[in-house]
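Comments concern the structure below.
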Amino acid sequence: MAIGRVLQQEIQEAVEALRAGELVAFPTETVYGLGANANNPDAVRKIFRVKGRPSTHPVIVHIDHPRYLQRWVREMTPEAKKLADAFWPGPLTLVAKRAPAVNDVITGGQDTVAIRVPNHPVAQQLLNAFGGGIAAPSANKYGHVSPTRAEHVRDEFGDDVKWVLDGGDCKVGLESTIISCLADGPRVLRPGSISFSQLKAVVPTIQMGPNPSAPRVPGSTSRHYSPATPVNVVPSRRLETVMNEFTANHEKVAVLAQRPPGTANPFMTWINAGIRPDIYARNLYANLRTLDKASAKIILVEEVPEGEKWDAVRDRLRRSASAENIVTYDQDIAAWVADFGEEGGPPG
């Protein structure tokens with residue numbers, strides 16, 4: 001897996017583009033971001049136009065070190081400070097009360113701001129050279145599959161995004177864990193690679209999932225992270241049966257599974273993503289993009305196991321499929337829908 005540093009000249013060109021109000025795509029350890037100068041509201045609005053993103057959806061501000069927090073955050077709760085000390089730089093986004101100068105375009109009109117210190121070397125290079133905050137959601141069209149390679153960004157936007165820093169494949173592959181740190185206590189609003197147990201070891205009072213007063217966060221719709229081809233999540237024991245029901249009519253089917261196929265099928269494209277949750281997560285979006293190009297009628301995804309190591313993957317798969325496309329043949333999936341409802345639980 002190639003993760004490295006880009007040429008200093010490329011960094012300088014990207015910095016000059018940001019200062020000129022242009023957009024720059026850059027890698028983080030989670031996914032590639034589409035960045036703009038967070039102190040330039042007009043530049044940030046370009047993100048929304050290029051992505052087709054609703055203006056009410058906040059974006060995450062990326063900084064290179066917690067010492068710059070006071071520029072963006074009005075107050076950090078004790079719990080927020082503990083989480084920052086434990087997991088920054090890293091795949092953690094904290095939501096806190098915004099500083100007075102933070103523009104509404106960043107926050108979606110809310111009194112909170114989402115902020116992160118990434119640990120990818122190219123992101124750190126860029127942020128350090130830029131010397132300010134970079135507002136950056138994932139570098140894809142709104143609602144589509146997030147990019148984990150520079151080529152994904154180019155496929156998504158073409159010439160609409162001129163500056164793309166290539167830092168190789170993203171190490172984590174799923175968006176950051178988002179935690180609200182407000183007066184009602186810390187709450188996980190989006191699961192990520194940092195598990196609930198890890199968070200709870202640092203802040204024992206942390207809760208899982210939003211409450212009615214929780215702020216809006218990136219990816220908070222029930223349908224998100226979606227390829228153009230419809231996605232269905234299928235119980236493991238039903239996977240081949242459902243696939244055969246489609247291919248019996250000579251319809252092409254794409255499959256994302258955790259095992260090899262039992263039999264060969266000329267109308268099937270099958271990816272064995274394996275049983276390790278970290279590797280599955282790292283490759284999830286690249287695999288979905290590959291299957292999306294298979295000219296299939298549908299993408300069937302084998303239901304992933306229970307347990308917190310799979311929580312973030314399960315969340316993204318539910319959102320890529322949406323609730324109506326989850327085949328509830330078994331009680332585990334039915335229980336998930338019953339627990340979290342049609343809106344899919346924690347924001348994605």
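Each chain of the structure tokens is named A, B, ... in the order shown, its residues numbered from 1; ligands are numbered from 1 in display order.
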Per residue of range 67-174 of chain A within 8 Å of range 15-32 of chain A, record the nearest atom pair and its distance in Å to one decimal, counting only C-alpha atoms, with rows in chain order and ascending residue number, as a Markdown table.
```
| residue | atom | partner | partner_atom | distance |
| --- | --- | --- | --- | --- |
| A:Gly90 | CA | A:Glu29 | CA | 7.6 |
| A:Pro91 | CA | A:Thr30 | CA | 6.4 |
| A:Pro118 | CA | A:Thr28 | CA | 6.2 |
| A:Asn119 | CA | A:Glu29 | CA | 6.5 |
| A:His120 | CA | A:Thr28 | CA | 5.0 |
| A:Val122 | CA | A:Pro27 | CA | 6.6 |
| A:Ala123 | CA | A:Thr28 | CA | 5.8 |
| A:Leu126 | CA | A:Val15 | CA | 7.0 |
| A:Ala129 | CA | A:Val15 | CA | 6.9 |
| A:Phe130 | CA | A:Val15 | CA | 5.4 |
| A:Ser138 | CA | A:Tyr32 | CA | 5.8 |
| A:Ala139 | CA | A:Tyr32 | CA | 5.7 |
| A:Ser146 | CA | A:Val31 | CA | 6.7 |
| A:Pro147 | CA | A:Tyr32 | CA | 5.6 |
| A:Thr148 | CA | A:Val31 | CA | 4.9 |
| A:Arg149 | CA | A:Tyr32 | CA | 7.0 |
| A:Ala150 | CA | A:Tyr32 | CA | 7.4 |
| A:Val153 | CA | A:Ala25 | CA | 7.5 |
| A:Val161 | CA | A:Leu23 | CA | 6.5 |
| A:Lys162 | CA | A:Val24 | CA | 7.3 |
| A:Trp163 | CA | A:Val24 | CA | 5.0 |
| A:Val164 | CA | A:Ala25 | CA | 4.6 |
| A:Leu165 | CA | A:Phe26 | CA | 5.0 |
| A:Asp166 | CA | A:Pro27 | CA | 6.9 |
| A:Gly167 | CA | A:Pro27 | CA | 5.7 |
| A:Gly168 | CA | A:Pro27 | CA | 7.7 |
| A:Cys170 | CA | A:Glu29 | CA | 5.0 |
| A:Lys171 | CA | A:Glu29 | CA | 5.2 |
| A:Val172 | CA | A:Thr30 | CA | 4.8 |
| A:Gly173 | CA | A:Thr30 | CA | 4.8 |
| A:Leu174 | CA | A:Thr30 | CA | 5.2 |
```
Would you export the selected residues with C-alpha atoms as a PDB file, in the first residue's frame, please?
```pdb
ATOM      1  CA  GLY A  90      -6.103  10.443  13.738  1.00  0.00           C
ATOM      2  CA  PRO A  91      -9.502   9.412  12.352  1.00  0.00           C
ATOM      3  CA  PRO A 118      -5.623  14.075  10.351  1.00  0.00           C
ATOM      4  CA  ASN A 119      -2.471  11.982  10.546  1.00  0.00           C
ATOM      5  CA  HIS A 120      -1.823  11.267   6.854  1.00  0.00           C
ATOM      6  CA  VAL A 122       0.384  14.445   2.836  1.00  0.00           C
ATOM      7  CA  ALA A 123      -2.512  16.041   4.732  1.00  0.00           C
ATOM      8  CA  LEU A 126      -0.497  20.505   3.135  1.00  0.00           C
ATOM      9  CA  ALA A 129       2.375  24.667   4.566  1.00  0.00           C
ATOM     10  CA  PHE A 130      -1.022  26.343   4.261  1.00  0.00           C
ATOM     11  CA  SER A 138     -15.148  13.635   1.074  1.00  0.00           C
ATOM     12  CA  ALA A 139     -14.070  14.258  -2.530  1.00  0.00           C
ATOM     13  CA  SER A 146     -16.299   8.055  -0.979  1.00  0.00           C
ATOM     14  CA  PRO A 147     -12.866   8.048  -2.688  1.00  0.00           C
ATOM     15  CA  THR A 148      -9.903   6.193  -1.208  1.00  0.00           C
ATOM     16  CA  ARG A 149      -7.544   6.694  -4.166  1.00  0.00           C
ATOM     17  CA  ALA A 150      -6.600   9.744  -6.222  1.00  0.00           C
ATOM     18  CA  VAL A 153     -11.390  11.664  -7.307  1.00  0.00           C
ATOM     19  CA  VAL A 161     -11.107  19.670  -9.642  1.00  0.00           C
ATOM     20  CA  LYS A 162      -7.725  20.627 -11.051  1.00  0.00           C
ATOM     21  CA  TRP A 163      -5.521  19.966  -8.013  1.00  0.00           C
ATOM     22  CA  VAL A 164      -5.438  16.384  -6.716  1.00  0.00           C
ATOM     23  CA  LEU A 165      -2.605  15.414  -4.383  1.00  0.00           C
ATOM     24  CA  ASP A 166      -1.896  11.694  -4.762  1.00  0.00           C
ATOM     25  CA  GLY A 167      -0.952  10.129  -1.429  1.00  0.00           C
ATOM     26  CA  GLY A 168      -1.736   6.543  -2.386  1.00  0.00           C
ATOM     27  CA  CYS A 170      -6.083   5.562   2.273  1.00  0.00           C
ATOM     28  CA  LYS A 171      -5.056   3.393   5.218  1.00  0.00           C
ATOM     29  CA  VAL A 172      -8.408   3.357   7.078  1.00  0.00           C
ATOM     30  CA  GLY A 173     -10.790   3.606   4.132  1.00  0.00           C
ATOM     31  CA  LEU A 174     -13.889   4.742   6.044  1.00  0.00           C
TER      32      LEU A 174
END
```
What's around Phe157 in chain A at 9 Å? Count only C-alpha atoms, leave out sequence neighbours fewer than 5 positions away in its own chain, and write the answer as a list in words. Val50, Lys51, Ala139, Asn140, Lys141 and His152 of chain A
From the list A:Leu291, A:Val145, A:Leu83, A:Leu94, which residue is nearest Arg319 in chain A when using only C-alpha atoms?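 Counting only C-alpha atoms, the residue closest to Arg319 in chain A is A:Val145.
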Kindly indicate which residue among A:Ala43, A:Ala86, A:Pro100, A:Val202 lies nearest to Arg71 in chain A, using only C-alpha atoms for the distances.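 When distances to Arg71 in chain A are compared using only C-alpha atoms, the smallest one comes from A:Pro100.
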List the neighbours of Arg276 in chain A out to 12 Å using only C-alpha atoms; skip same-chain residues closer than 3 positions along the sequence, and give me the result as a short mmCIF file (atom, residue, chain, number, x, y, z; two decimals) with C-alpha atoms, in the first residue's frame.
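The new file part-v7.cif reads:
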```cif
data_model
loop_
_atom_site.label_atom_id
_atom_site.label_comp_id
_atom_site.auth_asym_id
_atom_site.auth_seq_id
_atom_site.Cartn_x
_atom_site.Cartn_y
_atom_site.Cartn_z
CA GLN A 258 -16.43 -12.64 2.66
CA ARG A 259 -15.70 -15.94 0.94
CA ASN A 272 -14.05 -11.96 -1.89
CA ALA A 273 -13.33 -9.14 0.59
CA ILE A 279 -8.94 -4.91 5.57
CA TYR A 280 -12.61 -5.16 4.56
CA ALA A 281 -13.14 -1.53 5.60
CA ARG A 282 -9.98 -0.31 3.88
CA ASN A 283 -11.07 -1.81 0.57
CA LEU A 284 -14.85 -1.35 0.85
CA VAL A 304 -21.15 -8.66 7.78
CA PRO A 305 -20.79 -10.16 11.28
CA LYS A 309 -15.34 -4.16 15.00
CA TRP A 310 -17.85 -4.22 12.15
CA VAL A 313 -18.75 -1.10 7.95
#
```
